[in-house]
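Enquirer: Submitted below is the structure of interest, expressed as structure tokens.
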Protein chains: 2
Amino acid sequence: MNILITAGGTSEAIDQVRAITNHATGALGLALIEQFQQSAVTIDYVTTATALKPKKQENLNIHLVSDTQSVEQCLQKLLTTKKYTAVIHTMAISDFAFQAALPIEALLSKLNLRLATNQQNFSMEELLELLADEQVDANKKIASNTEQLILTLNKTPKIIQKIKDWQPTTCLFGFKLLANVSKEELLSVAKESLKKNRADYVIANDLANINGQKHLAYLLNHKGEILQQADSKAKIAEMIYHQWQKEVAKHE
Amino acid sequence: MNILITAGGTSEAIDQVRAITNHATGALGLALIEQFQQSAVTIDYVTTATALKPKKQENLNIHLVSDTQSVEQCLQKLLTTKKYTAVIHTMAISDFAFQAALPIEALLSKLNLRLATNQQNFSMEELLELLADEQVDANKKIASNTEQLILTLNKTPKIIQKIKDWQPTTCLFGFKLLANVSKEELLSVAKESLKKNRADYVIANDLANINGQKHLAYLLNHKGEILQQADSKAKIAEMIYHQWQKEVAKHE
């Protein structure tokens, strides 16, 4: 039996030396590996260069990714070539990727140049044009001789929403992480994500309740019902493992 | 005798889960430690949580920093309380810190609202006001329900320019890293940085010539003359070490 686990946080390059990164230690991924190795499963582990790495061991394949695009390519390849009893998608993936950088002085002068000839409303296309960097060069560092730099970021594709396209029969455990919201809001947003992502389960958690190994999380089924809660990374891993065992038993 | 070495790359928070980071492994810092431990020196080593760490050892104090502000506080404290024969500043420090994030739809509507009542040129203040995020809340994640997100970044203070204010008598080794420029441009920019930073030496290097331990770099003195070049991190460390020995001998 195969399990696919993703862990760590992606990084989107701004230029050759800077990136927008998502914090994620990968510690939950390690806890999951420990749990699942109680069973005779093979684990495909998709993670990043800076995340904590599991020790090399039998039945564990590590796949290194960096940005959103590389995650998508890796997951698509794995999910369309190999059958997984579950996908446990803990990885924190960038919502936005770098598009353009513009010194504020350039933006101001482009804006006022347009106003000099045309005082009408801007369209979205015109605004995007205004924000575009004319000196885009992926091989250079962005200029640093300005007081303010204006970055335009583009939304990245939601990879979790493609998992069931690639493998409709797998059991998908999604994660929803919010920051400093009420329990009601957390559960409501997590329920929405179940539908959008066609997930079988979602683990809902809030940054305010995560501190090292302490980690409060709720496990919701596809109906949005809370099945269980856990208060540490080890217990979250255990909770997911037991739910996966029930899923496997269903199909035996 | 004391030596102050900085290594790794800083990280500027966008929100609780995202940051703008500067790539830097910290490998050059480790090579420097190895070199300098040939002498009876005490090393203060300022680095980040994600950089490579030296093993704990005698006469080595590790100081962890995260963003530009924390580097400034740490260096100011060390340099105003302890005498260093040299400061070797390899750390990659963010040029910009996060100021505001705005969905492009909000920017478009604020822009057109202004045009509806006033078609005159924008001032810099008005443009900054337009780009400001109205929902700034350091405890929340930035919104992700927009196709484009517009970030405003503020220039950070140049810490290297303060080192000689804090300790005029130290010998400062600065670094200038560019990407894919000619040797002439690299040396010219490095020379400029010598003056601006009041550095005694600058190590000029180009990302295009860095790959793992392979690392081409030029050592320039305060007049901008090339004293030596090196082609690996170990040899860069050696080159700096020998120059430091000459400096120490001068004052004996």
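How things are named: the first chain in the structure tokens is A, the next is B, and so on; residues count from 1 in each chain; ligands count from 1 in the order shown.
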Out of region 4-198 of chain B, which residues get strand (DSSP E or B) from DSSP, as an MDAnalysis selection string?
Expert: chainID B and resid 4:6 9 11:13 18:22 42:48 60:65 86:89 92 96:103 148:155 171:178
Enquirer: Specify as an mmCIF file with N, CA, C and O atoms, in the first residue's frame all residues of chain B found within 6 Å of chain A, counting only C-alpha atoms.
Expert:
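Written out: part-v7.cif:
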data_model
loop_
_atom_site.group_PDB
_atom_site.id
_atom_site.type_symbol
_atom_site.label_atom_id
_atom_site.label_comp_id
_atom_site.auth_asym_id
_atom_site.auth_seq_id
_atom_site.Cartn_x
_atom_site.Cartn_y
_atom_site.Cartn_z
ATOM 1 N N VAL B 17 2.560 33.750 8.437
ATOM 2 C CA VAL B 17 3.017 32.518 7.778
ATOM 3 C C VAL B 17 3.911 32.753 6.568
ATOM 4 O O VAL B 17 4.456 31.811 6.010
ATOM 5 N N ARG B 18 4.060 34.007 6.144
ATOM 6 C CA ARG B 18 4.849 34.281 4.940
ATOM 7 C C ARG B 18 5.943 35.293 5.239
ATOM 8 O O ARG B 18 5.766 36.168 6.076
ATOM 9 N N ALA B 19 7.032 35.202 4.486
ATOM 10 C CA ALA B 19 8.127 36.145 4.661
ATOM 11 C C ALA B 19 8.854 36.336 3.344
ATOM 12 O O ALA B 19 8.749 35.508 2.440
ATOM 13 N N ILE B 20 9.571 37.453 3.239
ATOM 14 C CA ILE B 20 10.495 37.647 2.129
ATOM 15 C C ILE B 20 11.873 37.294 2.665
ATOM 16 O O ILE B 20 12.320 37.873 3.653
ATOM 17 N N THR B 21 12.506 36.311 2.041
ATOM 18 C CA THR B 21 13.777 35.827 2.565
ATOM 19 C C THR B 21 14.902 36.037 1.564
ATOM 20 O O THR B 21 14.669 36.107 0.367
ATOM 21 N N ASN B 22 16.101 36.161 2.086
ATOM 22 C CA ASN B 22 17.298 36.209 1.256
ATOM 23 C C ASN B 22 17.986 34.855 1.337
ATOM 24 O O ASN B 22 18.275 34.383 2.431
ATOM 25 N N HIS B 23 18.207 34.253 0.176
ATOM 26 C CA HIS B 23 18.909 32.962 0.166
ATOM 27 C C HIS B 23 20.320 33.151 0.695
ATOM 28 O O HIS B 23 21.011 34.081 0.286
ATOM 29 N N ASN B 112 -9.714 54.964 -8.960
ATOM 30 C CA ASN B 112 -10.793 55.567 -9.750
ATOM 31 C C ASN B 112 -11.688 56.485 -8.920
ATOM 32 O O ASN B 112 -12.242 57.463 -9.441
ATOM 33 N N GLN B 119 -8.723 65.203 -10.974
ATOM 34 C CA GLN B 119 -7.968 64.629 -12.099
ATOM 35 C C GLN B 119 -6.512 65.114 -12.123
ATOM 36 O O GLN B 119 -5.795 64.901 -13.088
ATOM 37 N N ASN B 121 -2.457 65.612 -10.999
ATOM 38 C CA ASN B 121 -1.348 64.700 -10.733
ATOM 39 C C ASN B 121 -1.360 64.189 -9.294
ATOM 40 O O ASN B 121 -1.735 64.913 -8.371
ATOM 41 N N LYS B 140 -3.072 38.438 11.572
ATOM 42 C CA LYS B 140 -3.852 37.669 10.598
ATOM 43 C C LYS B 140 -3.008 37.331 9.385
ATOM 44 O O LYS B 140 -1.963 37.916 9.157
ATOM 45 N N GLU B 147 -6.816 37.868 -7.571
ATOM 46 C CA GLU B 147 -5.915 37.336 -8.601
ATOM 47 C C GLU B 147 -4.522 37.949 -8.493
ATOM 48 O O GLU B 147 -3.529 37.304 -8.788
ATOM 49 N N GLN B 148 -4.501 39.248 -8.110
ATOM 50 C CA GLN B 148 -3.205 39.912 -7.938
ATOM 51 C C GLN B 148 -3.174 40.605 -6.578
ATOM 52 O O GLN B 148 -4.135 41.260 -6.183
ATOM 53 N N LEU B 149 -2.066 40.463 -5.914
ATOM 54 C CA LEU B 149 -1.876 41.138 -4.642
ATOM 55 C C LEU B 149 -0.735 42.134 -4.831
ATOM 56 O O LEU B 149 0.297 41.803 -5.405
ATOM 57 N N ILE B 150 -0.947 43.371 -4.373
ATOM 58 C CA ILE B 150 0.066 44.411 -4.543
ATOM 59 C C ILE B 150 0.743 44.649 -3.192
ATOM 60 O O ILE B 150 0.081 45.033 -2.225
ATOM 61 N N LEU B 151 2.041 44.397 -3.145
ATOM 62 C CA LEU B 151 2.797 44.602 -1.900
ATOM 63 C C LEU B 151 3.607 45.884 -2.000
ATOM 64 O O LEU B 151 4.216 46.164 -3.027
ATOM 65 N N THR B 152 3.612 46.651 -0.922
ATOM 66 C CA THR B 152 4.519 47.791 -0.816
ATOM 67 C C THR B 152 5.609 47.423 0.180
ATOM 68 O O THR B 152 5.312 46.996 1.298
ATOM 69 N N LEU B 153 6.861 47.540 -0.266
ATOM 70 C CA LEU B 153 8.003 47.238 0.598
ATOM 71 C C LEU B 153 8.766 48.524 0.888
ATOM 72 O O LEU B 153 8.916 49.365 0.008
ATOM 73 N N ASN B 154 9.241 48.664 2.106
ATOM 74 C CA ASN B 154 10.056 49.831 2.490
ATOM 75 C C ASN B 154 11.518 49.450 2.563
ATOM 76 O O ASN B 154 11.851 48.377 3.066
ATOM 77 N N LYS B 155 12.357 50.344 2.096
ATOM 78 C CA LYS B 155 13.793 50.110 2.179
ATOM 79 C C LYS B 155 14.215 49.991 3.646
ATOM 80 O O LYS B 155 13.752 50.752 4.493
ATOM 81 N N ALA B 179 24.566 39.799 -9.678
ATOM 82 C CA ALA B 179 24.112 38.632 -10.442
ATOM 83 C C ALA B 179 24.314 38.873 -11.929
ATOM 84 O O ALA B 179 23.735 39.822 -12.483
#
Enquirer: Would you kindly return, as a list in words, each protein, DNA or RNA residue with an atom no farther than 10 Å from any atom of Gln167 (chain B), considering only C-alpha atoms and excluding same-chain residues fewer than 3 positions away?
Expert: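 Result of the neighbour search: Gln76, Leu78, Leu79, Thr80, Thr81, Lys82, Lys83, Tyr84, Val87, Lys162, Ile163, Lys164, Thr170, Cys171 and Leu172 of chain B.
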Enquirer: For the residues selected in the previous step, produce a file with C-alpha atoms as an mmCIF file, in the first residue's frame.
Expert:
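What ended up in again_39.cif:
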data_model
loop_
_atom_site.group_PDB
_atom_site.id
_atom_site.type_symbol
_atom_site.label_atom_id
_atom_site.label_comp_id
_atom_site.auth_asym_id
_atom_site.auth_seq_id
_atom_site.Cartn_x
_atom_site.Cartn_y
_atom_site.Cartn_z
ATOM 1 C CA GLN B 76 25.033 47.457 17.802
ATOM 2 C CA LEU B 78 28.214 43.635 20.329
ATOM 3 C CA LEU B 79 30.154 46.431 18.623
ATOM 4 C CA THR B 80 29.539 48.982 21.365
ATOM 5 C CA THR B 81 30.493 46.653 24.223
ATOM 6 C CA LYS B 82 33.371 44.532 22.901
ATOM 7 C CA LYS B 83 36.452 45.267 20.829
ATOM 8 C CA TYR B 84 36.849 43.315 17.564
ATOM 9 C CA VAL B 87 34.094 42.340 11.381
ATOM 10 C CA LYS B 162 26.684 51.866 10.776
ATOM 11 C CA ILE B 163 29.457 49.448 11.736
ATOM 12 C CA LYS B 164 32.190 52.106 11.703
ATOM 13 C CA THR B 170 37.655 47.712 13.702
ATOM 14 C CA CYS B 171 38.749 46.299 10.353
ATOM 15 C CA LEU B 172 35.622 45.840 8.233
#
Enquirer: Looking only at alpha helix (DSSP H) from DSSP on the backbone, list the matching residues of region 38-117 of chain B as a PDB file with all heavy atoms, in the first residue's frame.
Expert:
ATOM      1  N   THR B  68      16.031  42.317   9.638  1.00  0.00           N
ATOM      2  CA  THR B  68      17.030  43.384   9.613  1.00  0.00           C
ATOM      3  C   THR B  68      17.139  44.080  10.961  1.00  0.00           C
ATOM      4  O   THR B  68      18.236  44.358  11.447  1.00  0.00           O
ATOM      5  CB  THR B  68      16.641  44.415   8.533  1.00  0.00           C
ATOM      6  OG1 THR B  68      16.486  43.704   7.304  1.00  0.00           O
ATOM      7  CG2 THR B  68      17.716  45.459   8.341  1.00  0.00           C
ATOM      8  N   GLN B  69      16.004  44.359  11.565  1.00  0.00           N
ATOM      9  CA  GLN B  69      16.005  45.059  12.846  1.00  0.00           C
ATOM     10  C   GLN B  69      16.750  44.275  13.929  1.00  0.00           C
ATOM     11  O   GLN B  69      17.508  44.851  14.714  1.00  0.00           O
ATOM     12  CB  GLN B  69      14.549  45.302  13.275  1.00  0.00           C
ATOM     13  CG  GLN B  69      14.427  46.436  14.260  1.00  0.00           C
ATOM     14  CD  GLN B  69      13.010  46.594  14.782  1.00  0.00           C
ATOM     15  OE1 GLN B  69      12.100  45.839  14.417  1.00  0.00           O
ATOM     16  NE2 GLN B  69      12.800  47.569  15.638  1.00  0.00           N
ATOM     17  N   SER B  70      16.556  42.957  13.930  1.00  0.00           N
ATOM     18  CA  SER B  70      17.221  42.140  14.952  1.00  0.00           C
ATOM     19  C   SER B  70      18.731  42.065  14.697  1.00  0.00           C
ATOM     20  O   SER B  70      19.513  41.980  15.641  1.00  0.00           O
ATOM     21  CB  SER B  70      16.591  40.745  15.027  1.00  0.00           C
ATOM     22  OG  SER B  70      16.852  40.016  13.850  1.00  0.00           O
ATOM     23  N   VAL B  71      19.131  42.125  13.415  1.00  0.00           N
ATOM     24  CA  VAL B  71      20.573  42.164  13.107  1.00  0.00           C
ATOM     25  C   VAL B  71      21.160  43.467  13.637  1.00  0.00           C
ATOM     26  O   VAL B  71      22.208  43.486  14.286  1.00  0.00           O
ATOM     27  CB  VAL B  71      20.823  42.083  11.579  1.00  0.00           C
ATOM     28  CG1 VAL B  71      22.321  42.179  11.285  1.00  0.00           C
ATOM     29  CG2 VAL B  71      20.257  40.803  10.990  1.00  0.00           C
ATOM     30  N   GLU B  72      20.450  44.562  13.378  1.00  0.00           N
ATOM     31  CA  GLU B  72      20.945  45.867  13.813  1.00  0.00           C
ATOM     32  C   GLU B  72      21.132  45.910  15.332  1.00  0.00           C
ATOM     33  O   GLU B  72      22.167  46.347  15.829  1.00  0.00           O
ATOM     34  CB  GLU B  72      19.984  46.976  13.350  1.00  0.00           C
ATOM     35  CG  GLU B  72      20.456  48.346  13.776  1.00  0.00           C
ATOM     36  CD  GLU B  72      19.728  49.492  13.091  1.00  0.00           C
ATOM     37  OE1 GLU B  72      18.836  49.233  12.250  1.00  0.00           O
ATOM     38  OE2 GLU B  72      20.052  50.660  13.397  1.00  0.00           O
ATOM     39  N   GLN B  73      20.106  45.448  16.047  1.00  0.00           N
ATOM     40  CA  GLN B  73      20.184  45.453  17.513  1.00  0.00           C
ATOM     41  C   GLN B  73      21.347  44.604  18.013  1.00  0.00           C
ATOM     42  O   GLN B  73      22.091  45.001  18.910  1.00  0.00           O
ATOM     43  CB  GLN B  73      18.871  44.941  18.107  1.00  0.00           C
ATOM     44  CG  GLN B  73      17.760  45.987  18.016  1.00  0.00           C
ATOM     45  CD  GLN B  73      16.393  45.409  18.367  1.00  0.00           C
ATOM     46  OE1 GLN B  73      16.257  44.207  18.547  1.00  0.00           O
ATOM     47  NE2 GLN B  73      15.386  46.270  18.433  1.00  0.00           N
ATOM     48  N   CYS B  74      21.514  43.425  17.418  1.00  0.00           N
ATOM     49  CA  CYS B  74      22.563  42.501  17.849  1.00  0.00           C
ATOM     50  C   CYS B  74      23.940  43.097  17.578  1.00  0.00           C
ATOM     51  O   CYS B  74      24.802  43.100  18.469  1.00  0.00           O
ATOM     52  CB  CYS B  74      22.390  41.176  17.128  1.00  0.00           C
ATOM     53  SG  CYS B  74      23.637  39.964  17.575  1.00  0.00           S
ATOM     54  N   LEU B  75      24.158  43.610  16.353  1.00  0.00           N
ATOM     55  CA  LEU B  75      25.479  44.145  16.008  1.00  0.00           C
ATOM     56  C   LEU B  75      25.802  45.397  16.818  1.00  0.00           C
ATOM     57  O   LEU B  75      26.933  45.586  17.276  1.00  0.00           O
ATOM     58  CB  LEU B  75      25.572  44.443  14.510  1.00  0.00           C
ATOM     59  CG  LEU B  75      25.532  43.232  13.569  1.00  0.00           C
ATOM     60  CD1 LEU B  75      25.859  43.648  12.150  1.00  0.00           C
ATOM     61  CD2 LEU B  75      26.489  42.132  14.033  1.00  0.00           C
ATOM     62  N   GLN B  76      24.792  46.240  17.017  1.00  0.00           N
ATOM     63  CA  GLN B  76      25.033  47.457  17.802  1.00  0.00           C
ATOM     64  C   GLN B  76      25.497  47.097  19.205  1.00  0.00           C
ATOM     65  O   GLN B  76      26.455  47.650  19.719  1.00  0.00           O
ATOM     66  CB  GLN B  76      23.759  48.304  17.862  1.00  0.00           C
ATOM     67  CG  GLN B  76      23.949  49.546  18.730  1.00  0.00           C
ATOM     68  CD  GLN B  76      22.853  50.577  18.561  1.00  0.00           C
ATOM     69  OE1 GLN B  76      21.745  50.256  18.142  1.00  0.00           O
ATOM     70  NE2 GLN B  76      23.167  51.831  18.871  1.00  0.00           N
ATOM     71  N   LYS B  77      24.803  46.133  19.807  1.00  0.00           N
ATOM     72  CA  LYS B  77      25.147  45.724  21.167  1.00  0.00           C
ATOM     73  C   LYS B  77      26.573  45.167  21.225  1.00  0.00           C
ATOM     74  O   LYS B  77      27.375  45.566  22.086  1.00  0.00           O
ATOM     75  CB  LYS B  77      24.144  44.673  21.664  1.00  0.00           C
ATOM     76  CG  LYS B  77      24.247  44.458  23.155  1.00  0.00           C
ATOM     77  CD  LYS B  77      23.238  43.459  23.669  1.00  0.00           C
ATOM     78  CE  LYS B  77      23.624  43.048  25.090  1.00  0.00           C
ATOM     79  NZ  LYS B  77      22.933  41.820  25.504  1.00  0.00           N
ATOM     80  N   LEU B  78      26.886  44.253  20.312  1.00  0.00           N
ATOM     81  CA  LEU B  78      28.214  43.635  20.329  1.00  0.00           C
ATOM     82  C   LEU B  78      29.309  44.666  20.068  1.00  0.00           C
ATOM     83  O   LEU B  78      30.321  44.718  20.773  1.00  0.00           O
ATOM     84  CB  LEU B  78      28.288  42.509  19.283  1.00  0.00           C
ATOM     85  CG  LEU B  78      27.439  41.261  19.572  1.00  0.00           C
ATOM     86  CD1 LEU B  78      27.468  40.307  18.384  1.00  0.00           C
ATOM     87  CD2 LEU B  78      27.922  40.543  20.832  1.00  0.00           C
ATOM     88  N   LEU B  79      29.088  45.521  19.050  1.00  0.00           N
ATOM     89  CA  LEU B  79      30.154  46.431  18.623  1.00  0.00           C
ATOM     90  C   LEU B  79      30.363  47.595  19.583  1.00  0.00           C
ATOM     91  O   LEU B  79      31.420  48.233  19.571  1.00  0.00           O
ATOM     92  CB  LEU B  79      29.877  46.940  17.208  1.00  0.00           C
ATOM     93  CG  LEU B  79      30.180  45.915  16.101  1.00  0.00           C
ATOM     94  CD1 LEU B  79      29.457  46.265  14.812  1.00  0.00           C
ATOM     95  CD2 LEU B  79      31.689  45.820  15.868  1.00  0.00           C
ATOM     96  N   THR B  80      29.368  47.883  20.412  1.00  0.00           N
ATOM     97  CA  THR B  80      29.539  48.982  21.365  1.00  0.00           C
ATOM     98  C   THR B  80      29.962  48.478  22.743  1.00  0.00           C
ATOM     99  O   THR B  80      30.154  49.274  23.662  1.00  0.00           O
ATOM    100  CB  THR B  80      28.247  49.826  21.486  1.00  0.00           C
ATOM    101  OG1 THR B  80      27.162  48.955  21.812  1.00  0.00           O
ATOM    102  CG2 THR B  80      27.937  50.567  20.198  1.00  0.00           C
ATOM    103  N   THR B  81      30.099  47.160  22.906  1.00  0.00           N
ATOM    104  CA  THR B  81      30.493  46.653  24.223  1.00  0.00           C
ATOM    105  C   THR B  81      31.771  45.821  24.193  1.00  0.00           C
ATOM    106  O   THR B  81      32.318  45.494  25.244  1.00  0.00           O
ATOM    107  CB  THR B  81      29.379  45.772  24.842  1.00  0.00           C
ATOM    108  OG1 THR B  81      29.054  44.736  23.909  1.00  0.00           O
ATOM    109  CG2 THR B  81      28.140  46.581  25.160  1.00  0.00           C
ATOM    110  N   ILE B 104      -5.595  43.850  -5.821  1.00  0.00           N
ATOM    111  CA  ILE B 104      -5.560  44.804  -6.925  1.00  0.00           C
ATOM    112  C   ILE B 104      -6.924  45.457  -7.149  1.00  0.00           C
ATOM    113  O   ILE B 104      -7.005  46.628  -7.535  1.00  0.00           O
ATOM    114  CB  ILE B 104      -5.017  44.145  -8.217  1.00  0.00           C
ATOM    115  CG1 ILE B 104      -4.622  45.234  -9.224  1.00  0.00           C
ATOM    116  CG2 ILE B 104      -6.014  43.146  -8.810  1.00  0.00           C
ATOM    117  CD1 ILE B 104      -3.700  44.784 -10.311  1.00  0.00           C
ATOM    118  N   GLU B 105      -8.004  44.733  -6.845  1.00  0.00           N
ATOM    119  CA  GLU B 105      -9.351  45.304  -7.019  1.00  0.00           C
ATOM    120  C   GLU B 105      -9.527  46.527  -6.108  1.00  0.00           C
ATOM    121  O   GLU B 105     -10.148  47.520  -6.502  1.00  0.00           O
ATOM    122  CB  GLU B 105     -10.435  44.267  -6.679  1.00  0.00           C
ATOM    123  CG  GLU B 105     -10.468  43.048  -7.587  1.00  0.00           C
ATOM    124  CD  GLU B 105      -9.434  41.986  -7.225  1.00  0.00           C
ATOM    125  OE1 GLU B 105      -8.709  42.161  -6.208  1.00  0.00           O
ATOM    126  OE2 GLU B 105      -9.321  40.998  -7.977  1.00  0.00           O
ATOM    127  N   ALA B 106      -8.996  46.450  -4.903  1.00  0.00           N
ATOM    128  CA  ALA B 106      -9.106  47.575  -3.963  1.00  0.00           C
ATOM    129  C   ALA B 106      -8.290  48.761  -4.458  1.00  0.00           C
ATOM    130  O   ALA B 106      -8.731  49.910  -4.374  1.00  0.00           O
ATOM    131  CB  ALA B 106      -8.631  47.145  -2.571  1.00  0.00           C
ATOM    132  N   LEU B 107      -7.108  48.464  -5.019  1.00  0.00           N
ATOM    133  CA  LEU B 107      -6.270  49.538  -5.551  1.00  0.00           C
ATOM    134  C   LEU B 107      -6.975  50.226  -6.720  1.00  0.00           C
ATOM    135  O   LEU B 107      -7.013  51.461  -6.800  1.00  0.00           O
ATOM    136  CB  LEU B 107      -4.917  48.967  -5.998  1.00  0.00           C
ATOM    137  CG  LEU B 107      -3.937  49.959  -6.634  1.00  0.00           C
ATOM    138  CD1 LEU B 107      -3.605  51.103  -5.676  1.00  0.00           C
ATOM    139  CD2 LEU B 107      -2.655  49.244  -7.070  1.00  0.00           C
ATOM    140  N   LEU B 108      -7.564  49.427  -7.597  1.00  0.00           N
ATOM    141  CA  LEU B 108      -8.273  49.988  -8.764  1.00  0.00           C
ATOM    142  C   LEU B 108      -9.424  50.870  -8.319  1.00  0.00           C
ATOM    143  O   LEU B 108      -9.606  51.985  -8.835  1.00  0.00           O
ATOM    144  CB  LEU B 108      -8.789  48.847  -9.654  1.00  0.00           C
ATOM    145  CG  LEU B 108      -9.476  49.263 -10.950  1.00  0.00           C
ATOM    146  CD1 LEU B 108      -8.500  49.968 -11.889  1.00  0.00           C
ATOM    147  CD2 LEU B 108     -10.103  48.054 -11.662  1.00  0.00           C
ATOM    148  N   SER B 109     -10.168  50.426  -7.332  1.00  0.00           N
ATOM    149  CA  SER B 109     -11.336  51.218  -6.946  1.00  0.00           C
ATOM    150  C   SER B 109     -10.919  52.493  -6.204  1.00  0.00           C
ATOM    151  O   SER B 109     -11.534  53.555  -6.384  1.00  0.00           O
ATOM    152  CB  SER B 109     -12.355  50.359  -6.185  1.00  0.00           C
ATOM    153  OG  SER B 109     -12.155  50.440  -4.817  1.00  0.00           O
ATOM    154  N   LYS B 110      -9.863  52.421  -5.400  1.00  0.00           N
ATOM    155  CA  LYS B 110      -9.364  53.630  -4.722  1.00  0.00           C
ATOM    156  C   LYS B 110      -8.829  54.640  -5.750  1.00  0.00           C
ATOM    157  O   LYS B 110      -9.020  55.850  -5.620  1.00  0.00           O
ATOM    158  CB  LYS B 110      -8.264  53.270  -3.704  1.00  0.00           C
ATOM    159  CG  LYS B 110      -8.793  52.643  -2.429  1.00  0.00           C
ATOM    160  CD  LYS B 110      -7.688  51.977  -1.612  1.00  0.00           C
ATOM    161  CE  LYS B 110      -6.931  52.969  -0.739  1.00  0.00           C
ATOM    162  NZ  LYS B 110      -5.870  52.277   0.056  1.00  0.00           N
ATOM    163  N   LEU B 111      -8.140  54.122  -6.762  1.00  0.00           N
ATOM    164  CA  LEU B 111      -7.573  54.974  -7.808  1.00  0.00           C
ATOM    165  C   LEU B 111      -8.681  55.704  -8.576  1.00  0.00           C
ATOM    166  O   LEU B 111      -8.630  56.920  -8.784  1.00  0.00           O
ATOM    167  CB  LEU B 111      -6.746  54.088  -8.756  1.00  0.00           C
ATOM    168  CG  LEU B 111      -6.077  54.701  -9.977  1.00  0.00           C
ATOM    169  CD1 LEU B 111      -5.080  55.773  -9.574  1.00  0.00           C
ATOM    170  CD2 LEU B 111      -5.350  53.613 -10.786  1.00  0.00           C
ATOM    171  N   ASN B 112      -9.714  54.964  -8.960  1.00  0.00           N
ATOM    172  CA  ASN B 112     -10.793  55.567  -9.750  1.00  0.00           C
ATOM    173  C   ASN B 112     -11.688  56.485  -8.920  1.00  0.00           C
ATOM    174  O   ASN B 112     -12.242  57.463  -9.441  1.00  0.00           O
ATOM    175  CB  ASN B 112     -11.597  54.475 -10.465  1.00  0.00           C
ATOM    176  CG  ASN B 112     -10.802  53.887 -11.630  1.00  0.00           C
ATOM    177  OD1 ASN B 112      -9.954  54.582 -12.217  1.00  0.00           O
ATOM    178  ND2 ASN B 112     -11.063  52.638 -11.965  1.00  0.00           N
ATOM    179  N   LEU B 113     -11.783  56.186  -7.627  1.00  0.00           N
ATOM    180  CA  LEU B 113     -12.523  57.066  -6.721  1.00  0.00           C
ATOM    181  C   LEU B 113     -11.833  58.435  -6.667  1.00  0.00           C
ATOM    182  O   LEU B 113     -12.491  59.483  -6.700  1.00  0.00           O
ATOM    183  CB  LEU B 113     -12.548  56.435  -5.331  1.00  0.00           C
ATOM    184  CG  LEU B 113     -13.638  56.917  -4.366  1.00  0.00           C
ATOM    185  CD1 LEU B 113     -15.018  56.553  -4.892  1.00  0.00           C
ATOM    186  CD2 LEU B 113     -13.436  56.290  -2.981  1.00  0.00           C
ATOM    187  N   ARG B 114     -10.531  58.426  -6.569  1.00  0.00           N
ATOM    188  CA  ARG B 114      -9.767  59.678  -6.562  1.00  0.00           C
ATOM    189  C   ARG B 114      -9.972  60.433  -7.885  1.00  0.00           C
ATOM    190  O   ARG B 114     -10.190  61.642  -7.907  1.00  0.00           O
ATOM    191  CB  ARG B 114      -8.301  59.360  -6.301  1.00  0.00           C
ATOM    192  CG  ARG B 114      -7.246  60.306  -6.834  1.00  0.00           C
ATOM    193  CD  ARG B 114      -7.293  61.719  -6.284  1.00  0.00           C
ATOM    194  NE  ARG B 114      -5.973  62.355  -6.310  1.00  0.00           N
ATOM    195  CZ  ARG B 114      -5.423  62.900  -7.398  1.00  0.00           C
ATOM    196  NH1 ARG B 114      -6.046  62.882  -8.545  1.00  0.00           N
ATOM    197  NH2 ARG B 114      -4.230  63.463  -7.323  1.00  0.00           N
ATOM    198  N   LEU B 115      -9.923  59.706  -9.007  1.00  0.00           N
ATOM    199  CA  LEU B 115     -10.075  60.353 -10.321  1.00  0.00           C
ATOM    200  C   LEU B 115     -11.453  60.971 -10.499  1.00  0.00           C
ATOM    201  O   LEU B 115     -11.606  61.972 -11.207  1.00  0.00           O
ATOM    202  CB  LEU B 115      -9.819  59.348 -11.451  1.00  0.00           C
ATOM    203  CG  LEU B 115      -8.357  58.955 -11.665  1.00  0.00           C
ATOM    204  CD1 LEU B 115      -8.226  58.084 -12.904  1.00  0.00           C
ATOM    205  CD2 LEU B 115      -7.487  60.195 -11.815  1.00  0.00           C
ATOM    206  N   ALA B 116     -12.455  60.396  -9.862  1.00  0.00           N
ATOM    207  CA  ALA B 116     -13.828  60.897 -10.004  1.00  0.00           C
ATOM    208  C   ALA B 116     -13.954  62.305  -9.425  1.00  0.00           C
ATOM    209  O   ALA B 116     -14.798  63.098  -9.857  1.00  0.00           O
ATOM    210  CB  ALA B 116     -14.796  59.941  -9.314  1.00  0.00           C
ATOM    211  N   THR B 117     -13.111  62.623  -8.432  1.00  0.00           N
ATOM    212  CA  THR B 117     -13.238  63.937  -7.776  1.00  0.00           C
ATOM    213  C   THR B 117     -12.069  64.863  -8.093  1.00  0.00           C
ATOM    214  O   THR B 117     -12.162  66.066  -7.888  1.00  0.00           O
ATOM    215  CB  THR B 117     -13.295  63.774  -6.239  1.00  0.00           C
ATOM    216  OG1 THR B 117     -12.126  63.052  -5.811  1.00  0.00           O
ATOM    217  CG2 THR B 117     -14.537  63.017  -5.819  1.00  0.00           C
TER     218      THR B 117
END
Enquirer: Between CA of Glu185 (chain B) and CA of Asn205 (chain B), what is the distance, to one decimal in Å?
Expert: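 Distance reported for this atom pair: 11.0 Å.
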